[in-house]
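Some notes on the structure that comes next.
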Amino acid sequence: MSSGTRIVICGGGAIGAAIAYFASRRGARTTVIERYAVAGAASGNSGGFLALDWCRGAPGRPWLTDGVAITSRLGSPQTTALVEPRAFTTGLMHVAEAHGAVLRHGTVVDLVRSASGGVRGVALAGGEIVEGDAVVIAMGPWSILAARWVPLPAVFGYKGHSLVFETGGSIPAEALFLEYREASGEILTPELFPRADGTTWVCAISTLGPVPVDPADVTPDEGAHARIEALCRNISPALAAAPIKARQACFRPVTEDGLPLIGALPGIEGAYVATGHSVWGMLNAPATGEAMSELILDGAARRVDLAPFAPERLPPLDRARLGDTSG
Ligand SMILES: Cc1cc2nc3c(=O)[nH]c(=O)nc-3n(C[C@H](O)[C@H](O)[C@H](O)COP(=O)(O)OP(=O)(O)OC[C@H]3O[C@@H](n4cnc5c(N)ncnc54)[C@H](O)[C@@H]3O)c2cc1C
């Protein structure tokens, strides 16, 4: 395919937005269809932590209480970074739109095939067909719904809960990964990411459970936010004094072998998938976006070896397992 190729991207998370960013800069006619809101799911609520490597050894931190022990060091300022995930994702989408990408609000409910069996576009709830030469499934954990339309391995949702505190300048710009024992004896593994905007994002308590069909219906597990708040108030006077700006819950998209699904779908010319990035979707969104745009427009990715992520390495989901996913 060439520039001018019509690419329909299902899902406006970091992965869909990154594909739109790279493809539209190459001159492709890109349409992103988003059911709820760009960055409305994990891509707006995640930690936004980026890491190149992991290392050990660090002193304790004065903004924490005495009982907190630091046992290892993760990277350095040269090898780690933070992005504000919503700004990152919407920023990618805005630049894509500046290069001609179109953002449409809508719910993709089917893949539409041409007479030759290849891709003709997608159908939206309400019956409209959005035509395209290529269709990319990038609906995060909701990609599993596409297993009704195309041969796609299972994608699951792994829910994470987080709080965003208004900490101003009271916490230095360093990410912490902690172990915390609750009074019940249960050990939580919170992650703390102080951000440049004067907030600190704290995540803990992840659960496997059903993903609601509508991304707008994602809710926290009962008591999860209260447990994170109690933990934060205990481990840091700075957090104990800080107002809470947001209470969040969202789903990481995960696959059966833990690797993303990135590539062409077998048997349907023009059908692609990019999902299952689990805990590193923000980190790997740009590389995924660039590789997918090259795969679609040039026939192969140049800088990333996509072989380990080929969707056909896993068996396609048995459609009977999907049950009723309408709505
Ligand atoms: C608590 C938590 C913390 C995290 N921290 C980090 C981190 O620090 N660093 C990192 O790199 N990664 C992190 N991640 C992982 C990262 O957030 C995800 O891997 C990434 O956001 C997945 O992006 P996505 O675009 O695949 O999916 P999503 O962000 O879920 O986007 C999918 C989009 O598809 C839309 N959609 C669904 N169904 C339809 C439909 N039928 N039609 C049209 N659109 C539809 C949804 O509304 C949604 O906007 C974290 C995840 C969680 C949950």
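As shown in the structure tokens, the chain order sets the letters A, B, ...; within each chain, residues go from 1, and ligands are also counted from 1 in the order they appear.
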
As an mmCIF file with N, CA and C atoms, in the first residue's frame, please: the residues near region 109-126 of chain A (cut-off 12 Å, only C-alpha atoms, same-chain neighbours under 4 positions excluded).
```cif
data_model
loop_
_atom_site.group_PDB
_atom_site.id
_atom_site.type_symbol
_atom_site.label_atom_id
_atom_site.label_comp_id
_atom_site.auth_asym_id
_atom_site.auth_seq_id
_atom_site.Cartn_x
_atom_site.Cartn_y
_atom_site.Cartn_z
ATOM 1 N N ARG A 6 -6.187 4.273 2.870
ATOM 2 C CA ARG A 6 -7.181 4.576 3.901
ATOM 3 C C ARG A 6 -7.050 3.547 5.033
ATOM 4 N N ILE A 7 -6.679 4.050 6.221
ATOM 5 C CA ILE A 7 -6.492 3.158 7.372
ATOM 6 C C ILE A 7 -7.542 3.487 8.426
ATOM 7 N N VAL A 8 -8.328 2.484 8.796
ATOM 8 C CA VAL A 8 -9.325 2.656 9.858
ATOM 9 C C VAL A 8 -8.761 2.029 11.129
ATOM 10 N N ILE A 9 -8.625 2.833 12.170
ATOM 11 C CA ILE A 9 -8.070 2.359 13.441
ATOM 12 C C ILE A 9 -9.195 2.303 14.464
ATOM 13 N N CYS A 10 -9.443 1.113 14.995
ATOM 14 C CA CYS A 10 -10.521 0.928 15.971
ATOM 15 C C CYS A 10 -9.938 1.103 17.363
ATOM 16 N N GLY A 11 -10.253 2.202 18.039
ATOM 17 C CA GLY A 11 -9.764 2.455 19.389
ATOM 18 C C GLY A 11 -8.839 3.648 19.448
ATOM 19 N N THR A 31 -8.398 7.191 9.824
ATOM 20 C CA THR A 31 -9.588 7.476 10.634
ATOM 21 C C THR A 31 -9.497 6.671 11.924
ATOM 22 N N VAL A 32 -9.590 7.358 13.068
ATOM 23 C CA VAL A 32 -9.630 6.676 14.365
ATOM 24 C C VAL A 32 -11.071 6.690 14.847
ATOM 25 N N ILE A 33 -11.586 5.504 15.183
ATOM 26 C CA ILE A 33 -12.955 5.417 15.700
ATOM 27 C C ILE A 33 -12.881 5.041 17.176
ATOM 28 N N GLU A 34 -13.395 5.912 18.005
ATOM 29 C CA GLU A 34 -13.315 5.728 19.460
ATOM 30 C C GLU A 34 -14.719 5.683 20.049
ATOM 31 N N ARG A 35 -14.970 4.652 20.845
ATOM 32 C CA ARG A 35 -16.321 4.460 21.403
ATOM 33 C C ARG A 35 -16.631 5.425 22.535
ATOM 34 N N ARG A 104 -13.337 9.958 14.914
ATOM 35 C CA ARG A 104 -14.791 9.795 14.892
ATOM 36 C C ARG A 104 -15.244 9.120 16.164
ATOM 37 N N HIS A 105 -16.333 9.620 16.721
ATOM 38 C CA HIS A 105 -16.939 8.959 17.866
ATOM 39 C C HIS A 105 -17.865 7.876 17.339
ATOM 40 N N VAL A 130 -17.689 2.468 7.643
ATOM 41 C CA VAL A 130 -16.539 3.350 7.407
ATOM 42 C C VAL A 130 -15.552 2.556 6.555
ATOM 43 N N GLU A 131 -15.330 3.019 5.333
ATOM 44 C CA GLU A 131 -14.524 2.235 4.394
ATOM 45 C C GLU A 131 -13.036 2.460 4.609
ATOM 46 N N GLY A 132 -12.245 1.426 4.349
ATOM 47 C CA GLY A 132 -10.798 1.538 4.475
ATOM 48 C C GLY A 132 -10.106 0.418 3.728
ATOM 49 N N ASP A 133 -8.847 0.660 3.348
ATOM 50 C CA ASP A 133 -8.038 -0.390 2.714
ATOM 51 C C ASP A 133 -7.410 -1.296 3.774
ATOM 52 N N ALA A 134 -7.245 -0.732 4.968
ATOM 53 C CA ALA A 134 -6.694 -1.500 6.089
ATOM 54 C C ALA A 134 -7.490 -1.159 7.341
ATOM 55 N N VAL A 135 -7.668 -2.155 8.205
ATOM 56 C CA VAL A 135 -8.354 -1.958 9.486
ATOM 57 C C VAL A 135 -7.448 -2.488 10.584
ATOM 58 N N VAL A 136 -7.243 -1.670 11.621
ATOM 59 C CA VAL A 136 -6.415 -2.096 12.751
ATOM 60 C C VAL A 136 -7.288 -2.200 13.999
ATOM 61 N N ILE A 137 -7.280 -3.374 14.618
ATOM 62 C CA ILE A 137 -7.961 -3.553 15.899
ATOM 63 C C ILE A 137 -7.006 -3.080 16.993
ATOM 64 N N MET A 139 -8.256 -1.907 20.305
ATOM 65 C CA MET A 139 -9.288 -1.573 21.288
ATOM 66 C C MET A 139 -8.900 -2.024 22.691
ATOM 67 N N TRP A 142 -10.828 -4.478 25.012
ATOM 68 C CA TRP A 142 -12.069 -4.675 24.240
ATOM 69 C C TRP A 142 -11.779 -5.276 22.867
ATOM 70 N N SER A 143 -10.507 -5.468 22.543
ATOM 71 C CA SER A 143 -10.158 -6.136 21.283
ATOM 72 C C SER A 143 -10.741 -7.537 21.245
ATOM 73 N N ILE A 144 -10.971 -8.115 22.420
ATOM 74 C CA ILE A 144 -11.534 -9.469 22.464
ATOM 75 C C ILE A 144 -12.869 -9.533 21.718
ATOM 76 N N LEU A 145 -13.602 -8.404 21.681
ATOM 77 C CA LEU A 145 -14.882 -8.392 20.970
ATOM 78 C C LEU A 145 -14.684 -8.641 19.483
ATOM 79 N N ALA A 146 -13.509 -8.259 18.973
ATOM 80 C CA ALA A 146 -13.224 -8.427 17.544
ATOM 81 C C ALA A 146 -12.985 -9.889 17.186
ATOM 82 N N ALA A 147 -12.827 -10.751 18.186
ATOM 83 C CA ALA A 147 -12.672 -12.183 17.898
ATOM 84 C C ALA A 147 -13.950 -12.745 17.282
ATOM 85 N N ARG A 148 -15.032 -12.004 17.370
ATOM 86 C CA ARG A 148 -16.258 -12.399 16.653
ATOM 87 C C ARG A 148 -16.141 -12.136 15.161
ATOM 88 N N TRP A 149 -15.278 -11.190 14.778
ATOM 89 C CA TRP A 149 -15.228 -10.755 13.372
ATOM 90 C C TRP A 149 -14.027 -11.315 12.634
ATOM 91 N N VAL A 150 -12.924 -11.544 13.386
ATOM 92 C CA VAL A 150 -11.656 -11.942 12.758
ATOM 93 C C VAL A 150 -11.004 -13.024 13.608
ATOM 94 N N PRO A 151 -10.081 -13.822 13.025
ATOM 95 C CA PRO A 151 -9.392 -14.834 13.836
ATOM 96 C C PRO A 151 -8.390 -14.159 14.770
ATOM 97 N N VAL A 213 -18.610 -4.340 28.669
ATOM 98 C CA VAL A 213 -18.588 -4.138 27.217
ATOM 99 C C VAL A 213 -18.380 -2.664 26.868
ATOM 100 N N ALA A 264 -0.301 -8.459 11.044
ATOM 101 C CA ALA A 264 -1.424 -8.755 10.154
ATOM 102 C C ALA A 264 -2.172 -9.976 10.673
ATOM 103 N N LEU A 265 -3.488 -9.970 10.466
ATOM 104 C CA LEU A 265 -4.291 -11.125 10.845
ATOM 105 C C LEU A 265 -4.358 -12.083 9.667
ATOM 106 N N PRO A 266 -4.090 -13.368 9.919
ATOM 107 C CA PRO A 266 -4.019 -14.317 8.816
ATOM 108 C C PRO A 266 -5.367 -14.503 8.115
ATOM 109 N N GLY A 267 -5.308 -14.571 6.802
ATOM 110 C CA GLY A 267 -6.509 -14.945 6.040
ATOM 111 C C GLY A 267 -7.401 -13.806 5.618
ATOM 112 N N ILE A 268 -7.147 -12.601 6.096
ATOM 113 C CA ILE A 268 -7.993 -11.453 5.693
ATOM 114 C C ILE A 268 -7.059 -10.317 5.268
ATOM 115 N N GLU A 269 -6.946 -10.141 3.959
ATOM 116 C CA GLU A 269 -6.087 -9.081 3.423
ATOM 117 C C GLU A 269 -6.500 -7.718 3.977
ATOM 118 N N GLY A 270 -5.557 -7.013 4.607
ATOM 119 C CA GLY A 270 -5.843 -5.667 5.105
ATOM 120 C C GLY A 270 -6.288 -5.607 6.559
ATOM 121 N N ALA A 271 -6.371 -6.759 7.250
ATOM 122 C CA ALA A 271 -6.788 -6.754 8.665
ATOM 123 C C ALA A 271 -5.560 -6.875 9.566
ATOM 124 N N TYR A 272 -5.488 -6.026 10.575
ATOM 125 C CA TYR A 272 -4.331 -5.984 11.473
ATOM 126 C C TYR A 272 -4.806 -5.866 12.920
ATOM 127 N N THR A 325 -21.974 -10.288 23.802
ATOM 128 C CA THR A 325 -21.176 -9.080 24.020
ATOM 129 C C THR A 325 -21.805 -7.893 23.317
ATOM 130 N N SER A 326 -23.078 -8.012 22.988
ATOM 131 C CA SER A 326 -23.716 -6.898 22.294
ATOM 132 C C SER A 326 -23.854 -5.710 23.239
ATOM 133 N N GLY A 327 -24.011 -4.544 22.681
ATOM 134 C CA GLY A 327 -24.167 -3.336 23.496
ATOM 135 C C GLY A 327 -22.923 -2.557 23.521
#
```

Sorted by chain and rising residue number, list the residues of chain A at most 7 Å from ligand 1 (counting only C-alpha atoms and all ligand atoms), each with its closest atom pair and distance in Å to one decimal, as a tab-separated table.
```
residue	atom	partner	partner_atom_place_in_ligand_line	distance
A:Cys10	CA	ligand 1	43 (C)	5.0
A:Gly11	CA	ligand 1	34 (O)	3.4
A:Gly12	CA	ligand 1	49 (O)	4.7
A:Gly13	CA	ligand 1	25 (O)	3.3
A:Ala14	CA	ligand 1	25 (O)	4.2
A:Ile15	CA	ligand 1	25 (O)	3.9
A:Gly16	CA	ligand 1	25 (O)	5.5
A:Ile33	CA	ligand 1	43 (C)	5.2
A:Glu34	CA	ligand 1	44 (N)	3.8
A:Arg35	CA	ligand 1	44 (N)	3.9
A:Tyr36	CA	ligand 1	47 (O)	4.4
A:Ala37	CA	ligand 1	49 (O)	5.6
A:Val38	CA	ligand 1	49 (O)	5.3
A:Ala39	CA	ligand 1	49 (O)	5.4
A:Gly40	CA	ligand 1	49 (O)	5.0
A:Ala41	CA	ligand 1	29 (O)	4.6
A:Ala42	CA	ligand 1	29 (O)	4.1
A:Ser43	CA	ligand 1	21 (O)	3.4
A:Gly44	CA	ligand 1	29 (O)	6.8
A:Asn45	CA	ligand 1	2 (C)	6.7
A:Ser46	CA	ligand 1	3 (C)	3.7
A:Gly47	CA	ligand 1	8 (O)	3.6
A:Gly48	CA	ligand 1	8 (O)	4.0
A:Phe49	CA	ligand 1	8 (O)	3.5
A:Leu50	CA	ligand 1	9 (N)	5.6
A:Gly106	CA	ligand 1	43 (C)	5.9
A:Thr107	CA	ligand 1	42 (N)	3.8
A:Val108	CA	ligand 1	42 (N)	3.9
A:Val109	CA	ligand 1	41 (N)	5.8
A:Ala138	CA	ligand 1	26 (O)	5.7
A:Met139	CA	ligand 1	34 (O)	3.5
A:Gly140	CA	ligand 1	27 (O)	3.4
A:Pro141	CA	ligand 1	30 (O)	5.9
A:Trp142	CA	ligand 1	38 (N)	4.9
A:Ser143	CA	ligand 1	38 (N)	6.8
A:Tyr158	CA	ligand 1	53 (C)	6.9
A:Lys159	CA	ligand 1	53 (C)	5.8
A:Gly160	CA	ligand 1	1 (C)	4.0
A:His161	CA	ligand 1	1 (C)	5.6
A:Ser162	CA	ligand 1	1 (C)	6.2
A:Cys203	CA	ligand 1	1 (C)	6.0
A:Asp214	CA	ligand 1	38 (N)	6.9
A:Pro215	CA	ligand 1	47 (O)	5.1
A:Ala249	CA	ligand 1	1 (C)	6.9
A:Cys250	CA	ligand 1	53 (C)	4.8
A:Phe251	CA	ligand 1	53 (C)	4.5
A:Arg252	CA	ligand 1	53 (C)	4.3
A:Pro253	CA	ligand 1	19 (O)	6.0
A:Thr275	CA	ligand 1	26 (O)	4.8
A:Gly276	CA	ligand 1	26 (O)	6.3
A:His277	CA	ligand 1	19 (O)	4.5
A:Ser278	CA	ligand 1	19 (O)	4.4
A:Val279	CA	ligand 1	15 (C)	3.8
A:Trp280	CA	ligand 1	11 (O)	3.3
A:Gly281	CA	ligand 1	19 (O)	3.1
A:Met282	CA	ligand 1	11 (O)	3.5
A:Leu283	CA	ligand 1	11 (O)	3.8
A:Asn284	CA	ligand 1	11 (O)	6.4
```

Hey, which of A:Ala87, A:Ala154, A:Ile244, A:Leu82 ends up closest to Arg321 (chain A)? Count only C-alpha atoms. A:Ala154

Excluding Leu192 (chain A) and any residue of its chain fewer than 3 positions from it, enumerate the residues within 12 Å of it, using only C-alpha atoms, and give them as a PyMOL selection string. chain A and resi 46-49+64+82+162-165+167+171-179+189+195+199-204+228+231-232+235-236+239

Quick one: residues within 7 Å of Pro243 (chain A), only C-alpha atoms counted, chain neighbours fewer than 2 positions away excluded, as a ChimeraX atom specification? /A:165-166,241,245

Near region 297-317 of chain A, 6 Å: region 255-276 of chain A residue rows, closest pairs, only C-alpha atoms, as a tab-separated table:
```
residue	atom	partner	partner_atom	distance
A:Pro260	CA	A:Phe309	CA	5.8
A:Leu261	CA	A:Phe309	CA	5.1
A:Ile262	CA	A:Phe309	CA	5.2
A:Gly263	CA	A:Ala310	CA	5.5
```
